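Text of final.cif (mmCIF, C-alpha atoms) as supplied:
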```
data_target
loop_
_atom_site.label_atom_id
_atom_site.label_comp_id
_atom_site.auth_asym_id
_atom_site.auth_seq_id
_atom_site.Cartn_x
_atom_site.Cartn_y
_atom_site.Cartn_z
CA MET A 1 10.08 8.84 28.58
CA SER A 2 11.76 5.44 28.93
CA ARG A 3 14.93 5.27 26.88
CA SER A 4 17.43 2.48 26.34
CA PRO A 5 20.81 4.09 27.07
CA THR A 6 22.82 1.06 25.96
CA SER A 7 21.30 0.77 22.47
CA PRO A 8 22.38 3.09 19.64
CA ASP A 9 19.89 1.43 17.31
CA PRO A 10 18.50 3.91 14.70
CA GLN A 11 15.05 2.28 14.59
CA LEU A 12 14.64 2.68 18.34
CA ARG A 13 15.96 6.23 18.11
CA ARG A 14 13.36 6.99 15.41
CA LEU A 15 10.54 5.74 17.64
CA LEU A 16 11.82 7.84 20.54
CA ASP A 17 12.18 10.92 18.34
CA GLU A 18 8.57 10.48 17.21
CA GLY A 19 7.44 10.50 20.82
CA TYR A 20 6.82 6.81 21.56
CA ASP A 21 7.65 5.49 25.03
CA ALA A 22 9.73 2.66 23.60
CA THR A 23 12.54 0.57 25.06
CA LEU A 24 14.46 -2.64 24.41
CA VAL A 25 14.09 -5.08 27.31
CA GLY A 26 15.31 -8.67 27.31
CA GLY A 27 14.92 -9.34 23.61
CA MET A 28 11.60 -7.48 23.32
CA LEU A 29 10.80 -4.05 21.90
CA VAL A 30 8.22 -2.62 24.31
CA VAL A 31 5.97 0.41 23.78
CA ARG A 32 4.02 1.74 26.77
CA HIS A 33 1.13 4.20 26.94
CA VAL A 34 -0.76 2.85 23.93
CA PRO A 35 -4.36 4.14 24.09
CA TYR A 36 -7.04 1.54 23.45
CA VAL A 37 -10.73 0.96 23.98
CA ALA A 38 -11.49 -1.44 26.83
CA PRO A 39 -14.56 -3.71 26.75
CA ALA A 40 -17.76 -2.12 28.01
CA ARG A 41 -21.48 -2.19 27.43
CA GLY A 42 -22.41 0.47 24.93
CA ARG A 43 -19.45 2.64 23.99
CA GLY A 44 -16.11 1.53 25.38
CA ARG A 45 -13.69 3.29 27.70
CA VAL A 46 -10.25 4.60 26.73
CA ARG A 47 -7.40 3.01 28.68
CA LEU A 48 -3.63 2.68 28.27
CA GLY A 49 -1.94 -0.62 27.46
CA THR A 50 1.52 -1.93 26.61
CA LEU A 51 2.57 -3.48 23.31
CA ALA A 52 5.60 -5.73 22.83
CA VAL A 53 7.17 -7.35 19.76
CA ILE A 54 10.20 -9.59 19.43
CA ALA A 55 13.37 -7.60 18.84
CA TYR A 56 15.20 -9.25 15.95
CA ILE A 57 18.81 -8.21 16.57
CA SER A 58 22.08 -8.87 14.77
CA GLY A 59 25.35 -7.14 15.58
CA ASN A 60 23.62 -5.25 18.39
CA VAL A 61 21.21 -3.50 15.99
CA LEU A 62 17.64 -4.27 14.97
CA VAL A 63 17.38 -6.06 11.63
CA ARG A 64 14.40 -6.85 9.42
CA PRO A 65 11.82 -8.87 11.38
CA HIS A 66 10.97 -12.38 10.22
CA GLY A 67 7.87 -12.64 12.41
CA HIS A 68 4.72 -10.60 12.85
CA MET A 69 3.18 -11.56 16.22
CA ALA A 70 2.82 -9.10 19.09
CA TRP A 71 1.94 -9.29 22.78
CA TRP A 72 -0.43 -7.08 24.74
CA VAL A 73 -0.66 -6.08 28.39
CA GLY A 74 -4.16 -4.85 29.16
CA GLN A 75 -7.76 -5.80 28.53
CA PRO A 76 -8.73 -6.97 25.03
CA PRO A 77 -8.50 -3.97 22.65
CA CYS A 78 -11.92 -3.09 21.22
CA ASP A 79 -13.62 -0.87 18.68
CA ALA A 80 -15.33 2.32 19.83
CA ASP A 81 -18.49 0.38 20.75
CA GLY A 82 -16.58 -1.91 23.11
CA HIS A 83 -16.47 -4.98 20.83
CA PRO A 84 -13.11 -6.84 20.87
CA LEU A 85 -10.99 -6.60 17.71
CA LYS A 86 -11.36 -10.28 16.85
CA HIS A 87 -9.38 -9.95 13.62
CA LEU A 88 -6.37 -8.81 15.69
CA ILE A 89 -6.56 -10.97 18.85
CA ALA A 90 -4.94 -14.40 18.44
CA GLY A 91 -5.64 -15.62 21.97
CA ALA A 92 -4.56 -15.53 25.62
CA GLU A 93 -0.81 -15.51 26.22
CA SER A 94 1.22 -15.56 29.45
CA ARG A 95 4.63 -14.71 27.94
CA GLN A 96 6.85 -12.49 30.11
CA ILE A 97 7.68 -9.39 28.09
CA MET A 98 9.90 -7.80 30.74
CA PRO A 99 10.79 -8.57 34.36
CA GLY A 100 7.63 -8.85 36.43
CA VAL A 101 5.29 -8.10 33.50
CA GLN A 102 3.26 -10.83 31.82
CA ALA A 103 1.37 -10.39 28.56
CA ASP A 104 -2.39 -10.90 28.65
CA LEU A 105 -2.96 -11.53 24.94
CA GLN A 106 -1.16 -12.47 21.76
CA LEU A 107 -1.96 -10.38 18.68
CA CYS A 108 -1.55 -11.23 15.01
CA ASN A 109 -1.43 -8.87 12.05
CA LYS A 110 0.72 -9.82 9.05
CA PRO A 111 1.15 -7.50 6.07
CA LYS A 112 -0.26 -9.10 2.96
CA GLY A 113 2.30 -11.34 1.25
CA ARG A 114 5.30 -10.30 3.36
CA GLU A 115 6.69 -9.59 6.79
CA PHE A 116 7.24 -6.11 8.17
CA HIS A 117 10.00 -4.05 6.56
CA ASP A 118 11.48 -3.02 9.91
CA HIS A 119 10.64 -2.69 13.58
CA HIS A 120 9.35 0.84 13.14
CA GLU A 121 6.65 -0.41 10.75
CA TYR A 122 6.12 -3.45 13.00
CA VAL A 123 5.34 -1.33 16.07
CA THR A 124 3.53 1.62 14.48
CA THR A 125 1.17 -0.61 12.48
CA TYR A 126 -0.06 -2.36 15.62
CA VAL A 127 -0.28 0.94 17.51
CA ALA A 128 -2.27 2.53 14.68
CA ILE A 129 -4.79 -0.32 14.52
CA ILE A 130 -5.36 -0.30 18.28
CA SER A 131 -5.27 3.42 19.07
CA ALA A 132 -7.37 4.61 16.11
CA HIS A 133 -10.48 3.31 17.87
CA ALA A 134 -9.53 5.16 21.05
CA GLN A 135 -9.11 8.35 19.04
CA ARG A 136 -12.71 8.09 17.98
CA LEU A 137 -13.74 8.47 21.62
CA ASP A 138 -10.92 10.82 22.60
CA PRO A 139 -9.32 12.68 19.65
CA LEU A 140 -6.35 13.63 21.85
CA ALA A 141 -5.49 9.99 22.68
CA THR A 142 -2.03 9.18 21.34
CA ALA A 143 0.85 6.80 21.93
CA ARG A 144 3.26 9.58 20.97
CA VAL A 145 3.43 10.92 24.51
CA GLY A 146 6.70 12.71 23.90
CA ALA A 147 5.60 14.46 20.70
CA PRO A 148 6.62 18.12 20.32
CA ALA A 149 4.18 20.62 21.79
CA SER A 150 3.62 22.04 18.29
CA GLN A 151 1.75 18.83 17.42
CA VAL A 152 -0.85 19.27 20.18
CA CYS A 153 -4.38 19.76 18.83
CA THR A 154 -6.16 23.10 19.14
CA SER A 155 -9.66 24.22 18.21
CA SER A 156 -8.62 25.27 14.69
CA PRO A 157 -7.49 22.57 12.25
CA PHE A 158 -5.03 25.03 10.67
CA ARG A 159 -1.69 26.20 11.98
CA TYR A 160 -2.32 29.70 10.70
CA ALA A 161 -5.49 31.63 9.94
CA ASP A 162 -7.55 31.06 6.81
CA THR A 163 -7.98 34.73 5.94
CA ALA A 164 -9.73 34.26 2.58
CA THR A 165 -12.84 32.34 3.62
CA ALA A 166 -14.26 35.10 5.79
CA ARG A 167 -13.28 37.78 3.29
CA ALA A 168 -15.01 35.90 0.45
CA GLY A 169 -18.12 35.20 2.52
CA THR A 170 -17.95 31.41 2.01
CA GLY A 171 -17.81 30.53 5.70
CA ALA A 172 -21.35 29.10 5.76
CA ALA A 173 -20.51 26.76 2.88
CA ALA A 174 -17.23 25.74 4.50
CA GLU A 175 -19.08 24.82 7.70
CA ARG A 176 -20.86 22.07 5.77
CA ILE A 177 -17.62 20.09 5.51
CA ALA A 178 -16.01 21.35 8.72
CA GLY A 179 -15.43 18.86 11.51
CA GLN A 180 -15.36 15.76 9.32
CA THR A 181 -12.74 13.07 9.81
CA VAL A 182 -11.61 12.12 6.32
CA GLY A 183 -9.49 9.20 5.13
CA ILE A 184 -7.35 8.80 2.02
CA VAL A 185 -6.53 5.21 1.07
CA GLY A 186 -3.55 5.19 -1.28
CA LEU A 187 -1.12 8.13 -1.43
CA GLY A 188 0.20 7.66 -4.95
CA GLY A 189 -0.25 10.17 -7.74
CA THR A 190 -3.97 10.85 -7.28
CA GLY A 191 -4.12 10.32 -3.51
CA SER A 192 -1.34 12.81 -2.85
CA TYR A 193 -3.19 15.47 -4.83
CA VAL A 194 -6.37 14.69 -2.88
CA LEU A 195 -4.38 15.33 0.30
CA ASP A 196 -3.11 18.62 -1.10
CA LEU A 197 -6.69 19.80 -1.67
CA VAL A 198 -8.30 18.39 1.48
CA ALA A 199 -5.52 19.80 3.73
CA LYS A 200 -6.78 23.26 2.80
CA CYS A 201 -10.31 22.40 4.02
CA PRO A 202 -11.54 22.83 7.62
CA VAL A 203 -11.95 19.11 8.25
CA TYR A 204 -11.17 17.91 11.76
CA ALA A 205 -8.59 15.28 10.78
CA ILE A 206 -7.12 13.57 7.72
CA HIS A 207 -6.02 9.94 8.06
CA LEU A 208 -3.52 8.62 5.49
CA PHE A 209 -3.26 4.90 4.65
CA ASP A 210 -0.44 3.52 2.48
CA ALA A 211 2.20 0.86 3.15
CA ASP A 212 4.69 1.93 0.46
CA ARG A 213 7.87 3.92 0.85
CA PHE A 214 8.46 7.22 -0.91
CA GLU A 215 10.64 6.50 -3.94
CA GLN A 216 12.12 8.63 -6.70
CA HIS A 217 9.23 8.23 -9.14
CA ASN A 218 6.83 9.46 -6.45
CA ALA A 219 8.54 12.86 -6.49
CA PHE A 220 7.28 13.33 -10.05
CA ARG A 221 3.73 12.28 -9.21
CA CYS A 222 3.08 14.35 -6.06
CA PRO A 223 2.31 18.06 -5.72
CA GLY A 224 5.16 20.28 -4.63
CA ALA A 225 8.90 19.76 -4.94
CA PHE A 226 10.87 17.35 -2.77
CA ALA A 227 14.55 17.58 -1.90
CA ILE A 228 17.04 14.91 -2.94
CA GLU A 229 17.48 14.15 0.77
CA ASN A 230 13.85 12.97 0.86
CA LEU A 231 14.75 10.31 -1.70
CA ARG A 232 17.90 9.07 0.01
CA ALA A 233 16.35 8.40 3.42
CA PRO A 234 13.93 5.45 3.46
CA ILE A 235 10.58 6.75 4.69
CA ALA A 236 6.97 5.76 4.26
CA LYS A 237 4.90 7.93 1.92
CA VAL A 238 2.43 8.72 4.67
CA GLU A 239 5.17 9.80 7.07
CA LEU A 240 6.81 12.15 4.56
CA LEU A 241 3.51 13.63 3.42
CA THR A 242 2.46 14.08 7.04
CA GLN A 243 5.64 16.04 7.69
CA VAL A 244 4.88 18.30 4.72
CA TYR A 245 1.15 18.88 5.25
CA SER A 246 1.33 19.16 9.03
CA ARG A 247 2.88 22.55 8.36
CA LEU A 248 -0.62 23.63 7.33
CA HIS A 249 -3.12 21.23 8.91
CA ARG A 250 -2.76 20.20 12.54
CA ARG A 251 -4.34 16.76 12.35
CA VAL A 252 -2.78 14.77 9.52
CA VAL A 253 -2.47 11.23 10.88
CA PRO A 254 -0.17 8.72 9.12
CA HIS A 255 -0.94 5.00 8.99
CA PRO A 256 1.91 3.17 7.19
CA MET A 257 -0.24 0.16 6.37
CA ARG A 258 -2.13 -1.45 3.52
CA ILE A 259 -5.91 -1.48 3.72
CA ASP A 260 -7.25 -4.89 2.75
CA ALA A 261 -9.91 -7.32 3.94
CA THR A 262 -8.16 -7.74 7.31
CA THR A 263 -7.40 -4.08 8.05
CA VAL A 264 -10.44 -2.39 6.50
CA PRO A 265 -12.12 -1.96 9.93
CA MET A 266 -9.62 0.87 10.43
CA LEU A 267 -11.89 2.93 8.18
CA ASP A 268 -14.85 2.58 10.55
CA LEU A 269 -13.66 5.72 12.35
CA LEU A 270 -14.09 7.98 9.34
CA ASP A 271 -16.89 10.20 8.05
CA PHE A 272 -15.78 10.07 4.41
CA VAL A 273 -13.15 8.10 2.48
CA PHE A 274 -11.24 8.79 -0.73
CA VAL A 275 -10.27 5.42 -2.24
CA CYS A 276 -7.24 6.03 -4.49
CA VAL A 277 -5.81 2.53 -4.95
CA ASP A 278 -4.33 1.30 -8.23
CA ASP A 279 -5.00 -2.36 -7.41
CA GLY A 280 -8.45 -3.21 -8.76
CA ALA A 281 -8.68 -6.38 -6.69
CA ALA A 282 -8.24 -4.37 -3.48
CA ARG A 283 -11.32 -2.23 -4.16
CA PRO A 284 -14.28 -4.60 -3.58
CA PRO A 285 -13.59 -5.44 0.10
CA ILE A 286 -12.94 -1.76 0.87
CA LEU A 287 -16.02 -0.40 -0.89
CA GLU A 288 -18.30 -3.17 0.35
CA HIS A 289 -17.16 -2.58 3.92
CA LEU A 290 -17.71 1.17 3.65
CA ALA A 291 -21.19 0.63 2.25
CA SER A 292 -22.04 -1.82 5.04
CA ARG A 293 -20.92 0.72 7.64
CA GLY A 294 -22.84 3.59 6.05
CA ILE A 295 -19.69 5.55 5.15
CA PRO A 296 -19.79 7.52 1.86
CA TYR A 297 -16.76 7.45 -0.41
CA VAL A 298 -15.26 8.55 -3.70
CA ASP A 299 -13.41 5.91 -5.68
CA VAL A 300 -11.07 7.08 -8.42
CA GLY A 301 -9.11 5.43 -11.19
CA MET A 302 -7.75 5.76 -14.68
CA GLY A 303 -6.96 3.53 -17.61
CA LEU A 304 -4.30 4.67 -20.08
CA SER A 305 -2.45 3.29 -23.07
CA MET A 306 0.06 4.54 -25.62
CA SER A 307 -1.02 5.02 -29.24
CA ASP A 308 0.74 6.39 -32.28
CA ASP A 309 -1.02 9.70 -31.61
CA GLY A 310 -0.04 9.85 -27.94
CA VAL A 311 -1.48 8.78 -24.61
CA VAL A 312 -5.17 7.82 -24.72
CA GLY A 313 -7.54 6.68 -22.00
CA ALA A 314 -10.01 7.83 -19.41
CA VAL A 315 -10.18 9.18 -15.85
CA ARG A 316 -12.99 7.90 -13.62
CA THR A 317 -14.62 9.39 -10.52
CA THR A 318 -17.34 7.46 -8.66
CA LEU A 319 -19.23 8.82 -5.64
CA GLY A 320 -20.63 6.00 -3.53
CA THR A 321 -23.14 6.01 -0.69
CA PRO A 322 -24.89 3.13 1.09
CA ALA A 323 -27.96 3.81 -1.08
CA THR A 324 -26.09 3.80 -4.40
CA HIS A 325 -23.31 1.27 -3.78
CA ASP A 326 -25.06 -1.77 -5.31
CA SER A 327 -25.98 0.08 -8.51
CA LEU A 328 -22.44 1.48 -8.87
CA SER A 329 -20.43 -1.67 -8.18
CA SER A 330 -20.68 -2.85 -11.80
CA ARG A 331 -19.05 0.39 -13.00
CA ILE A 332 -16.01 0.10 -10.74
CA PRO A 333 -13.15 -2.17 -11.96
CA SER A 334 -12.40 -5.06 -9.65
CA THR A 335 -9.28 -6.25 -11.49
CA GLY A 336 -6.06 -4.46 -12.27
CA ASP A 337 -4.13 -4.17 -15.53
CA PRO A 338 -0.47 -4.88 -14.67
CA ALA A 339 0.47 -4.32 -18.32
CA GLY A 340 -1.31 -0.95 -18.50
CA LEU A 341 0.54 2.33 -18.91
CA TYR A 342 -0.59 3.70 -15.53
CA ALA A 343 0.79 0.65 -13.72
CA SER A 344 4.28 1.56 -14.99
CA ASN A 345 4.27 4.77 -12.92
CA VAL A 346 3.89 6.93 -16.02
CA GLN A 347 4.38 10.63 -15.26
CA ILE A 348 0.95 12.17 -15.89
CA ALA A 349 0.67 14.46 -12.87
CA GLU A 350 -1.90 16.63 -14.63
CA LEU A 351 -4.28 13.65 -14.93
CA ASN A 352 -3.64 12.73 -11.27
CA ALA A 353 -4.42 16.32 -10.32
CA LEU A 354 -7.58 16.27 -12.45
CA ASN A 355 -8.71 12.99 -10.95
CA ALA A 356 -8.15 14.36 -7.45
CA ALA A 357 -9.94 17.62 -8.22
CA LEU A 358 -12.98 15.77 -9.57
CA ALA A 359 -13.01 13.56 -6.46
CA VAL A 360 -12.85 16.52 -4.07
CA LEU A 361 -15.53 18.34 -6.09
CA ALA A 362 -17.81 15.29 -5.75
CA TRP A 363 -17.24 15.23 -1.97
CA LYS A 364 -17.88 18.96 -1.54
CA ARG A 365 -20.92 18.81 -3.80
CA MET A 366 -22.36 15.95 -1.77
CA PHE A 367 -22.22 18.00 1.44
CA GLY A 368 -23.49 21.21 -0.12
CA PHE A 369 -20.33 23.29 -0.37
CA TYR A 370 -21.00 23.52 -4.10
CA ALA A 371 -24.51 23.98 -5.43
CA THR A 372 -25.70 21.36 -7.89
CA GLY A 373 -28.89 20.86 -9.82
CA ARG A 374 -28.10 17.21 -10.37
CA ASP A 375 -26.59 14.50 -8.19
CA PHE A 376 -23.86 12.81 -10.21
CA ASP A 377 -22.63 9.43 -9.05
CA HIS A 378 -20.25 8.50 -11.83
CA GLY A 379 -18.12 10.54 -14.23
CA ILE A 380 -15.66 9.67 -17.01
CA PHE A 381 -13.23 12.15 -18.54
CA VAL A 382 -11.93 11.01 -21.95
CA VAL A 383 -8.34 12.10 -22.50
CA GLU A 384 -8.28 12.25 -26.30
CA THR A 385 -11.53 14.23 -26.68
CA GLY A 386 -11.65 16.22 -23.46
CA ALA A 387 -15.29 15.19 -23.03
CA MET A 388 -16.82 14.57 -19.62
CA HIS A 389 -19.54 11.92 -19.45
CA ARG A 390 -21.65 11.92 -16.28
CA GLU A 391 -24.21 9.50 -15.00
CA GLY A 392 -26.35 10.14 -11.95
CA ARG A 393 -29.72 10.45 -10.36
CA VAL A 394 -32.58 12.63 -11.50
CA ASP A 395 -32.54 16.41 -11.31
CA ARG A 396 -33.54 17.86 -7.98
CA LYS A 397 -36.12 19.99 -9.81
CA GLU A 398 -37.59 16.81 -11.26
CA GLN A 399 -37.72 15.30 -7.78
CA ALA A 400 -39.76 18.27 -6.62
#
```
The structure given in the file should be rewritten as structure tokens.
Amino acid sequence: MSRSPTSPDPQLRRLLDEGYDATLVGGMLVVRHVPYVAPARGRGRVRLGTLAVIAYISGNVLVRPHGHMAWWVGQPPCDADGHPLKHLIAGAESRQIMPGVQADLQLCNKPKGREFHDHHEYVTTYVAIISAHAQRLDPLATARVGAPASQVCTSSPFRYADTATARAGTGAAAERIAGQTVGIVGLGGTGSYVLDLVAKCPVYAIHLFDADRFEQHNAFRCPGAFAIENLRAPIAKVELLTQVYSRLHRRVVPHPMRIDATTVPMLDLLDFVFVCVDDGAARPPILEHLASRGIPYVDVGMGLSMSDDGVVGAVRTTLGTPATHDSLSSRIPSTGDPAGLYASNVQIAELNALNAALAVLAWKRMFGFYATGRDFDHGIFVVETGAMHREGRVDRKEQA
């Protein structure tokens, strides 16, 4: 692995510790061995390229970047079908990124409304966007070439045996969800509970998407108990949750990035998506894209307020498929309520857990893990009455 012996920079050290072949060269932070899909007719071919970003340095250490461009050595990075990632490629570029090495392309990907928090986010966001498509063709493709051997994939998704499934005789049902690549967009209160439940399922991989850092209020909204040290060290939610749940599931993949209209193609690699965002305006481009790509999803949400009698409101779970998306879109909020109780990070972990459980139940029911006499698309749980209102398609018996 290439290391920069003259730089004590903690951001570079973090990249090296995570297994990236990263080095500081002539004012650039360079990452080699980035897997990508090269152009080809039909499905593309997996190749290795080099990514470089400007190293913003002060006092001999990397400081917060105030730019977001990157440079690429290799053929144009593509999706799994060999189509160039036009939303990422800014154009041809002949900049020298290190002695004797010229960039082939300039890339552009700016986080919505801001610049990158640090060079770690700067590099790993670009790597995630590019290499995720390569992982669709080769699940073992990774830029973390120096990762510990314990992170290498094996045939089982679990790090230790699931002894209960065989004993209970539910293996045939579990096979109906086995092998899926699942995504969770938003790892707040509900999304983290979804992860807790899905990590115990025999899915092939779980991809996590969230740009936020893990802060103190998150410790009261997530399953499990976190140490005070987890709150003192700045770390992305997806990175911390990956550390925790990789103890159980081998293929938890963190993407410290926001999914919006520009980055939503990242979800094209998935078989099913849990959409757990608390920004209503972010939903439409995500759900519309999933429907256009034929990817089923569960969208969750809740609306709460404080009354004299206590917290009131509702918890919503909506199962969407390409066939039902248009009829469901009117039931899914497309605007947020910044003044609402939920937006204030209210501690209602039991409602987050309920919302997640209903979402995972909908997913498992869709694929036949759970038997159902009726296909429900949309459910509302009313907090103050405890009533569950469901809307869906006709009974299967009626269909017969």
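Minimum distance to Val37 in chain A across A:Pro254, A:Gly294, A:Pro84, A:Gly310 (counting only C-alpha atoms) occurs at A:Pro84.
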With a distance cut-off of 8 Å and all atoms listed in the file, select the neighbouring residues of Pro223 in chain A, excluding the residue or stretch itself and same-chain residues fewer than 2 positions from it, and output the selection as an NGL selection string.
-> :A and (192-193 or 196 or 221 or 225)
How would you write, as a ChimeraX atom specification, the residues chosen by the PyMOL selection byres ((chain A and resi 49) around 7) on this structure?
-> /A:32-36,47-48,50-51,73-74
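Taking only C-alpha atoms, the non-local environment of Val382 in chain A within 9 Å (same-chain residues fewer than 4 positions away omitted) comprises Val312, Gly313, Ala314, Val315, Arg316, Gly386, Ala387, Met388 and His389 of chain A.
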Between A:Asp279, A:Pro157, A:Val63, A:Ala323, single out the one closest to Arg247 in chain A, counting only C-alpha atoms.
-> A:Pro157
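Among the candidate residues A:Tyr370, A:Leu248, A:Ala52, A:Ile332, the one lying nearest to Ala174 in chain A is A:Tyr370, with distances computed using only C-alpha atoms.
Distances here use all atoms listed in the file; by that measure, the residue among A:Met306, A:Val273, A:Ala173, A:Ala80 closest to Arg365 in chain A is A:Ala173.
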What residues have an atom no more than 12 Å from (15.9, 12.6, 0.3) in the file's own frame, counting only C-alpha atoms, and can you write them as a PyMOL selection string?
-> chain A and resi 213-216+218-219+225-236+240
Report the residues retrieved by the PyMOL selection byres ((chain A and resi 108) around 10) from the displayed file, expressed as a ChimeraX atom specification.
-> /A:67-71,87-91,106-107,109-110,126
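CA of Ala168 in chain A to CA of Leu195 in chain A spans 23.2 Å [interatomic distance, one decimal].
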Extract, using only C-alpha atoms, all DNA, RNA and protein residues at most 12 Å from range 135-141 of chain A, discarding same-chain residues fewer than 6 positions from it, and format them as a short mmCIF file (atom, residue, chain, number, x, y, z; two decimals) with C-alpha atoms, keeping the file's coordinate frame.
```
data_model
loop_
_atom_site.label_atom_id
_atom_site.label_comp_id
_atom_site.auth_asym_id
_atom_site.auth_seq_id
_atom_site.Cartn_x
_atom_site.Cartn_y
_atom_site.Cartn_z
CA HIS A 33 1.13 4.20 26.94
CA VAL A 34 -0.76 2.85 23.93
CA PRO A 35 -4.36 4.14 24.09
CA TYR A 36 -7.04 1.54 23.45
CA VAL A 37 -10.73 0.96 23.98
CA ALA A 38 -11.49 -1.44 26.83
CA ARG A 43 -19.45 2.64 23.99
CA GLY A 44 -16.11 1.53 25.38
CA ARG A 45 -13.69 3.29 27.70
CA VAL A 46 -10.25 4.60 26.73
CA ARG A 47 -7.40 3.01 28.68
CA LEU A 48 -3.63 2.68 28.27
CA CYS A 78 -11.92 -3.09 21.22
CA ASP A 79 -13.62 -0.87 18.68
CA ALA A 80 -15.33 2.32 19.83
CA ASP A 81 -18.49 0.38 20.75
CA GLY A 82 -16.58 -1.91 23.11
CA VAL A 127 -0.28 0.94 17.51
CA ALA A 128 -2.27 2.53 14.68
CA ILE A 129 -4.79 -0.32 14.52
CA GLN A 151 1.75 18.83 17.42
CA VAL A 152 -0.85 19.27 20.18
CA CYS A 153 -4.38 19.76 18.83
CA THR A 154 -6.16 23.10 19.14
CA SER A 155 -9.66 24.22 18.21
CA GLY A 179 -15.43 18.86 11.51
CA GLN A 180 -15.36 15.76 9.32
CA THR A 181 -12.74 13.07 9.81
CA TYR A 204 -11.17 17.91 11.76
CA ALA A 205 -8.59 15.28 10.78
CA HIS A 207 -6.02 9.94 8.06
CA ARG A 250 -2.76 20.20 12.54
CA ARG A 251 -4.34 16.76 12.35
CA VAL A 253 -2.47 11.23 10.88
CA MET A 266 -9.62 0.87 10.43
CA LEU A 267 -11.89 2.93 8.18
CA ASP A 268 -14.85 2.58 10.55
CA LEU A 269 -13.66 5.72 12.35
CA LEU A 270 -14.09 7.98 9.34
CA ASP A 271 -16.89 10.20 8.05
#
```
Correct to one decimal, the distance CA of Asp17 in chain A-CA of Thr242 in chain A is 15.2 Å
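From CA of Val264 in chain A back to CA of Ile286 in chain A, the distance works out to 6.2 Å.
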List, as a ChimeraX atom specification, every residue that the PyMOL selection byres ((chain A and resi 19) around 7) selects in the file provided.
-> /A:15-18,20-21,144-147
